[in-house]
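Asker: Below are the structure tokens for one structure; questions will follow.
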Amino acid sequence: MTTAIDAPQSRTAPGHGRTPDARRQGSDFSRLSARISAAGLMNRRPLYYAVRLTLVGLAFAAGWVALFTVGTSWWQLAVAAYLGVVYGQLALVAHDLAHRQVFRGRRAGEVFGRAVGNLCIGMSYGWWMNKHTRHHANPNHEDLDPDVAPDILVWSREQAAEARGLPRFIGRHQAALFFPLLTLEGFNLHVSSFRALGRPHMKRRWLEGGLLLVHTAAYLGALFWALPVGTAFAVLFVHHAVFGVYLGSIFAPNHKGMPTLKGDERPDFLRRQVLTSRNVRGGLLTDLALGGLNYQIEHHLFPSMPTPHLRKARPLVRDYCAEIGVPYHETGLITSWREALTHLREVGAPIREGSRSA
């Protein structure tokens, strides 16, 4: 079961700065960062990203060409599934753009990020950027990380005990329902993107909203112009169902089932990122499918590190964690899903126990 991290005690005495223990812990990341920089792993990889963006762009175009050329056939469902995977790869590209892995400057990243996110996928770059930044700052913190805030699913026993309505109904069997619910996540991203336009933190809301409207009009217009209504609706659902399941399969294993924080629990930066993250072992195919996010520990420690360098950073980070006595958790892909689903089942126990008592 998920437990809270024992946050290191680093109280500051008035006029005396941090304690020696806090200074030592605060420097752990600095020493690791120096090793990573010395290995050249923070250097840009423009050729890699030029090739990657070109290939993903060609795959995106090929999907739409196929949709218009296959004709009125149920083979269109295969095209829809293919587009779902391509949209997942586009989302991974948008993720790298948001973290400034591709361009050094903020503006270029934002321009391409909105082009990929808002225009191609129909997901607000600004909304996702705000949400994801808060997640990176406080991963698995029940009060500060939006990814573990109670919503349809609950992520801790405390959330389960307080759940009402639909979350309480789903929470009883949320492990079994997790992947079926992911089939709706693609639609949820669109809805959340439009809803975010009215929030105070949203910057360039007219630009964001305009691009979302262009995407929606172009997507639905192309779909219902090229296909009969019944086939168009089937393609619409399969496309977004595959997209949602694919995204969930990438992101859920990264933190779900790992230790959580709450209240004033605030370990130092290195421990906050490493102890709440899970790596997924695999070869080049796993790296491609998960967009490098299988190296979640390295990514959280160095968010702007180019994706192809994460694999090279892994042994340096793993050995350093062993050196300073920080647990480094790594599993296979299937085990990562099993650990995440086991966690979902365990935290839903208070709801099931309450139902039996009633």
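Scheme for the structure tokens: letters A, B, ... for chains in order shown; per-chain residue numbers from 1; ligand numbers from 1 in order shown.
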Quick one: contact table of stretch 57-123 of chain A to stretch 270-289 of chain A, 10 Å max, nearest atom pair and distance in Å to one decimal per residue, counting only C-alpha atoms, chain and number order, as JSON lines?
Answerer:
{"residue": "A:Val85", "atom": "CA", "partner": "A:Ala289", "partner_atom": "CA", "distance": 9.2}
{"residue": "A:Gly88", "atom": "CA", "partner": "A:Ala289", "partner_atom": "CA", "distance": 9.1}
{"residue": "A:Gln89", "atom": "CA", "partner": "A:Ala289", "partner_atom": "CA", "distance": 8.0}
{"residue": "A:Leu92", "atom": "CA", "partner": "A:Ala289", "partner_atom": "CA", "distance": 9.7}
Asker: Please provide as a ChimeraX atom specification all residues within 8 Å of A:Phe251, with the sequence filter that same-chain residues fewer than 4 positions apart are discarded (counting only C-alpha atoms).
Answerer: /A:247,255,293
Asker: Smallest atom-to-atom distance to A:Pro303: which of A:Val214, A:Val229, A:Ala78, A:Ala137, using only C-alpha atoms?
Answerer: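 Checking each candidate against A:Pro303, we get A:Ala137 as the closest.
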Asker: Enumerate the residues of stretch 36-164 of chain A with a DSSP assignment of alpha helix (DSSP H), computed from the backbone, and present them as JSON, numbers by chain.
Answerer: {"A": [36, 37, 38, 46, 47, 48, 49, 50, 51, 52, 53, 54, 55, 56, 57, 58, 59, 60, 61, 62, 63, 64, 65, 66, 67, 68, 69, 70, 76, 77, 78, 79, 80, 81, 82, 83, 84, 85, 86, 87, 88, 89, 90, 91, 92, 93, 94, 95, 96, 97, 98, 106, 107, 108, 109, 110, 111, 112, 113, 114, 125, 126, 127, 128, 129, 130, 131, 132, 133, 134, 135, 136, 137, 157, 158, 159, 160, 161, 162]}
Asker: Would you mind exporting the chosen residues as a short mmCIF file (atom, residue, chain, number, x, y, z; two decimals), in the first residue's frame, restricted to C-alpha atoms?
Answerer:
data_model
loop_
_atom_site.label_atom_id
_atom_site.label_comp_id
_atom_site.auth_asym_id
_atom_site.auth_seq_id
_atom_site.Cartn_x
_atom_site.Cartn_y
_atom_site.Cartn_z
CA ILE A 36 25.33 14.69 -15.35
CA SER A 37 26.60 17.95 -16.82
CA ALA A 38 30.17 16.63 -17.01
CA PRO A 46 18.70 19.21 -32.58
CA LEU A 47 19.21 16.47 -35.21
CA TYR A 48 17.36 13.90 -33.08
CA TYR A 49 14.37 16.20 -32.63
CA ALA A 50 14.39 17.28 -36.28
CA VAL A 51 14.14 13.63 -37.33
CA ARG A 52 11.59 12.77 -34.63
CA LEU A 53 9.28 15.70 -35.39
CA THR A 54 9.50 14.95 -39.11
CA LEU A 55 8.64 11.26 -38.65
CA VAL A 56 5.74 11.97 -36.30
CA GLY A 57 4.47 14.67 -38.67
CA LEU A 58 4.61 12.23 -41.60
CA ALA A 59 2.81 9.57 -39.55
CA PHE A 60 0.10 12.10 -38.69
CA ALA A 61 -0.34 13.08 -42.35
CA ALA A 62 -0.37 9.42 -43.44
CA GLY A 63 -3.21 8.66 -41.04
CA TRP A 64 -5.42 11.35 -42.51
CA VAL A 65 -4.52 10.37 -46.07
CA ALA A 66 -5.53 6.79 -45.21
CA LEU A 67 -8.83 7.96 -43.74
CA PHE A 68 -9.71 9.71 -47.02
CA THR A 69 -8.52 6.87 -49.29
CA VAL A 70 -9.78 3.71 -47.53
CA GLN A 76 -11.47 2.64 -41.08
CA LEU A 77 -11.44 1.37 -37.49
CA ALA A 78 -7.85 0.21 -38.03
CA VAL A 79 -7.07 3.70 -39.33
CA ALA A 80 -8.73 5.15 -36.20
CA ALA A 81 -6.61 2.94 -33.93
CA TYR A 82 -3.50 3.99 -35.83
CA LEU A 83 -4.42 7.67 -35.40
CA GLY A 84 -4.91 7.05 -31.67
CA VAL A 85 -1.30 5.87 -31.40
CA VAL A 86 -0.07 8.78 -33.55
CA TYR A 87 -1.92 11.25 -31.30
CA GLY A 88 -0.13 9.67 -28.34
CA GLN A 89 3.21 10.26 -30.05
CA LEU A 90 2.17 13.85 -30.78
CA ALA A 91 1.36 14.30 -27.09
CA LEU A 92 4.83 13.02 -26.19
CA VAL A 93 6.36 15.55 -28.59
CA ALA A 94 4.27 18.32 -26.99
CA HIS A 95 5.54 17.13 -23.60
CA ASP A 96 9.17 17.49 -24.70
CA LEU A 97 8.46 20.92 -26.17
CA ALA A 98 6.90 22.07 -22.89
CA ARG A 106 10.66 29.69 -24.39
CA ARG A 107 8.90 31.32 -27.35
CA ALA A 108 9.83 28.71 -29.95
CA GLY A 109 8.72 25.94 -27.59
CA GLU A 110 5.38 27.66 -26.98
CA VAL A 111 4.73 28.22 -30.71
CA PHE A 112 5.42 24.60 -31.63
CA GLY A 113 3.74 23.36 -28.44
CA ARG A 114 0.47 25.11 -29.30
CA TYR A 125 -0.99 23.52 -24.30
CA GLY A 126 -1.42 26.25 -21.67
CA TRP A 127 -3.80 24.21 -19.51
CA TRP A 128 -1.61 21.11 -19.64
CA MET A 129 1.56 23.15 -19.03
CA ASN A 130 0.12 24.67 -15.84
CA LYS A 131 -1.08 21.29 -14.58
CA HIS A 132 2.13 19.45 -15.43
CA THR A 133 4.38 22.11 -13.90
CA ARG A 134 2.57 21.73 -10.57
CA HIS A 135 2.94 17.98 -10.81
CA HIS A 136 6.69 18.22 -11.36
CA ALA A 137 7.12 20.59 -8.43
CA ARG A 157 -7.50 5.69 1.61
CA GLU A 158 -8.24 9.12 3.03
CA GLN A 159 -9.69 10.26 -0.30
CA ALA A 160 -11.68 7.04 -0.52
CA ALA A 161 -13.15 7.54 2.96
CA GLU A 162 -14.34 11.03 1.98
#
Asker: Skipping near chain neighbours, those fewer than 4 positions away, what residues fall within 7 Å of A:Leu211 using only C-alpha atoms, listed as a list in words?
Answerer: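 Here the answer would be Asn118, Leu119, Leu207 and His215 of chain A.
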Asker: Which residues are close to A:His240, i.e. within 7 Å by only C-alpha atoms, leaving aside same-chain residues fewer than 2 positions away? Reply as a PyMOL selection string.
Answerer: chain A and resi 84+183+186-187+236-238+242-244
Asker: Could those residues be written to a file, using all heavy atoms, as a PDB file, in the first residue's frame?
Answerer:
ATOM      1  N   GLY A  84      -4.986   6.966 -33.122  1.00  0.00           N
ATOM      2  CA  GLY A  84      -4.906   7.055 -31.669  1.00  0.00           C
ATOM      3  C   GLY A  84      -3.476   6.946 -31.171  1.00  0.00           C
ATOM      4  O   GLY A  84      -3.054   7.688 -30.269  1.00  0.00           O
ATOM      5  N   THR A 183     -10.645   4.765 -21.841  1.00  0.00           N
ATOM      6  CA  THR A 183     -11.178   4.951 -23.193  1.00  0.00           C
ATOM      7  C   THR A 183     -11.876   6.302 -23.335  1.00  0.00           C
ATOM      8  O   THR A 183     -12.101   6.775 -24.451  1.00  0.00           O
ATOM      9  CB  THR A 183     -12.170   3.834 -23.551  1.00  0.00           C
ATOM     10  OG1 THR A 183     -13.269   3.856 -22.639  1.00  0.00           O
ATOM     11  CG2 THR A 183     -11.487   2.469 -23.513  1.00  0.00           C
ATOM     12  N   GLY A 186      -9.359  10.507 -23.757  1.00  0.00           N
ATOM     13  CA  GLY A 186      -9.132  11.370 -24.909  1.00  0.00           C
ATOM     14  C   GLY A 186     -10.188  12.453 -25.017  1.00  0.00           C
ATOM     15  O   GLY A 186      -9.886  13.626 -25.286  1.00  0.00           O
ATOM     16  N   PHE A 187     -11.463  12.075 -24.783  1.00  0.00           N
ATOM     17  CA  PHE A 187     -12.540  13.070 -24.788  1.00  0.00           C
ATOM     18  C   PHE A 187     -12.394  14.033 -23.613  1.00  0.00           C
ATOM     19  O   PHE A 187     -12.641  15.231 -23.745  1.00  0.00           O
ATOM     20  CB  PHE A 187     -13.898  12.367 -24.718  1.00  0.00           C
ATOM     21  CG  PHE A 187     -14.190  11.479 -25.891  1.00  0.00           C
ATOM     22  CD1 PHE A 187     -14.087  10.100 -25.784  1.00  0.00           C
ATOM     23  CD2 PHE A 187     -14.559  12.030 -27.110  1.00  0.00           C
ATOM     24  CE1 PHE A 187     -14.350   9.285 -26.868  1.00  0.00           C
ATOM     25  CE2 PHE A 187     -14.835  11.214 -28.208  1.00  0.00           C
ATOM     26  CZ  PHE A 187     -14.722   9.828 -28.087  1.00  0.00           C
ATOM     27  N   LEU A 236     -14.590   8.033 -34.628  1.00  0.00           N
ATOM     28  CA  LEU A 236     -14.388   9.021 -33.569  1.00  0.00           C
ATOM     29  C   LEU A 236     -14.147   8.351 -32.223  1.00  0.00           C
ATOM     30  O   LEU A 236     -13.205   8.709 -31.487  1.00  0.00           O
ATOM     31  CB  LEU A 236     -15.621   9.924 -33.491  1.00  0.00           C
ATOM     32  CG  LEU A 236     -15.645  10.992 -32.394  1.00  0.00           C
ATOM     33  CD1 LEU A 236     -14.642  12.091 -32.697  1.00  0.00           C
ATOM     34  CD2 LEU A 236     -17.046  11.593 -32.257  1.00  0.00           C
ATOM     35  N   PHE A 237     -14.965   7.360 -31.893  1.00  0.00           N
ATOM     36  CA  PHE A 237     -14.822   6.701 -30.597  1.00  0.00           C
ATOM     37  C   PHE A 237     -13.544   5.863 -30.529  1.00  0.00           C
ATOM     38  O   PHE A 237     -12.785   5.951 -29.550  1.00  0.00           O
ATOM     39  CB  PHE A 237     -16.026   5.809 -30.304  1.00  0.00           C
ATOM     40  CG  PHE A 237     -15.874   5.050 -29.010  1.00  0.00           C
ATOM     41  CD1 PHE A 237     -16.067   5.690 -27.789  1.00  0.00           C
ATOM     42  CD2 PHE A 237     -15.486   3.713 -29.012  1.00  0.00           C
ATOM     43  CE1 PHE A 237     -15.894   5.011 -26.593  1.00  0.00           C
ATOM     44  CE2 PHE A 237     -15.310   3.023 -27.828  1.00  0.00           C
ATOM     45  CZ  PHE A 237     -15.515   3.676 -26.617  1.00  0.00           C
ATOM     46  N   VAL A 238     -13.292   5.046 -31.539  1.00  0.00           N
ATOM     47  CA  VAL A 238     -12.104   4.173 -31.509  1.00  0.00           C
ATOM     48  C   VAL A 238     -10.829   5.003 -31.457  1.00  0.00           C
ATOM     49  O   VAL A 238      -9.893   4.701 -30.696  1.00  0.00           O
ATOM     50  CB  VAL A 238     -12.095   3.239 -32.738  1.00  0.00           C
ATOM     51  CG1 VAL A 238     -10.760   2.489 -32.836  1.00  0.00           C
ATOM     52  CG2 VAL A 238     -13.244   2.239 -32.650  1.00  0.00           C
ATOM     53  N   VAL A 242      -8.427   4.615 -28.157  1.00  0.00           N
ATOM     54  CA  VAL A 242      -7.030   4.147 -28.246  1.00  0.00           C
ATOM     55  C   VAL A 242      -6.078   5.227 -27.739  1.00  0.00           C
ATOM     56  O   VAL A 242      -5.120   4.930 -27.002  1.00  0.00           O
ATOM     57  CB  VAL A 242      -6.692   3.759 -29.699  1.00  0.00           C
ATOM     58  CG1 VAL A 242      -5.191   3.473 -29.848  1.00  0.00           C
ATOM     59  CG2 VAL A 242      -7.499   2.539 -30.117  1.00  0.00           C
ATOM     60  N   PHE A 243      -6.351   6.455 -28.099  1.00  0.00           N
ATOM     61  CA  PHE A 243      -5.529   7.579 -27.635  1.00  0.00           C
ATOM     62  C   PHE A 243      -5.514   7.643 -26.110  1.00  0.00           C
ATOM     63  O   PHE A 243      -4.454   7.764 -25.478  1.00  0.00           O
ATOM     64  CB  PHE A 243      -6.086   8.872 -28.232  1.00  0.00           C
ATOM     65  CG  PHE A 243      -5.395  10.133 -27.769  1.00  0.00           C
ATOM     66  CD1 PHE A 243      -4.008  10.209 -27.661  1.00  0.00           C
ATOM     67  CD2 PHE A 243      -6.143  11.264 -27.454  1.00  0.00           C
ATOM     68  CE1 PHE A 243      -3.388  11.382 -27.247  1.00  0.00           C
ATOM     69  CE2 PHE A 243      -5.531  12.439 -27.043  1.00  0.00           C
ATOM     70  CZ  PHE A 243      -4.152  12.502 -26.934  1.00  0.00           C
ATOM     71  N   GLY A 244      -6.685   7.547 -25.485  1.00  0.00           N
ATOM     72  CA  GLY A 244      -6.770   7.624 -24.023  1.00  0.00           C
ATOM     73  C   GLY A 244      -6.081   6.467 -23.332  1.00  0.00           C
ATOM     74  O   GLY A 244      -5.353   6.665 -22.346  1.00  0.00           O
TER      75      GLY A 244
END
Asker: Can you pull out every residue within 12 Å of A:Asn43, counting only C-alpha atoms, but drop anything in the same chain fewer than 6 positions away, and send it as a count of residues only?
Answerer: 15
Asker: Measuring between only C-alpha atoms, which one of A:Ala149, A:Ala232, A:Met202, A:Ile121 shows the shortest distance to A:His190?
Answerer: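 Under the stated criterion, the closest residue is A:Ile121.
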Asker: Give the answer as one residue: which of A:Ser124, A:Ser33, A:Thr335, A:Asn140 has the shortest atom-to-atom distance to A:Pro259, using only C-alpha atoms?
Answerer: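 The shortest atom-to-atom distance to A:Pro259 comes from A:Asn140.
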Asker: With only C-alpha atoms as the counted atoms, please give the residues lying no more than 7 Å from stretch 337-354 of chain A, apart from itself and same-chain residues fewer than 6 positions off, as a ChimeraX atom specification.
Answerer: /A:1-2,155-157,160-161,168,171-175,253,256-257
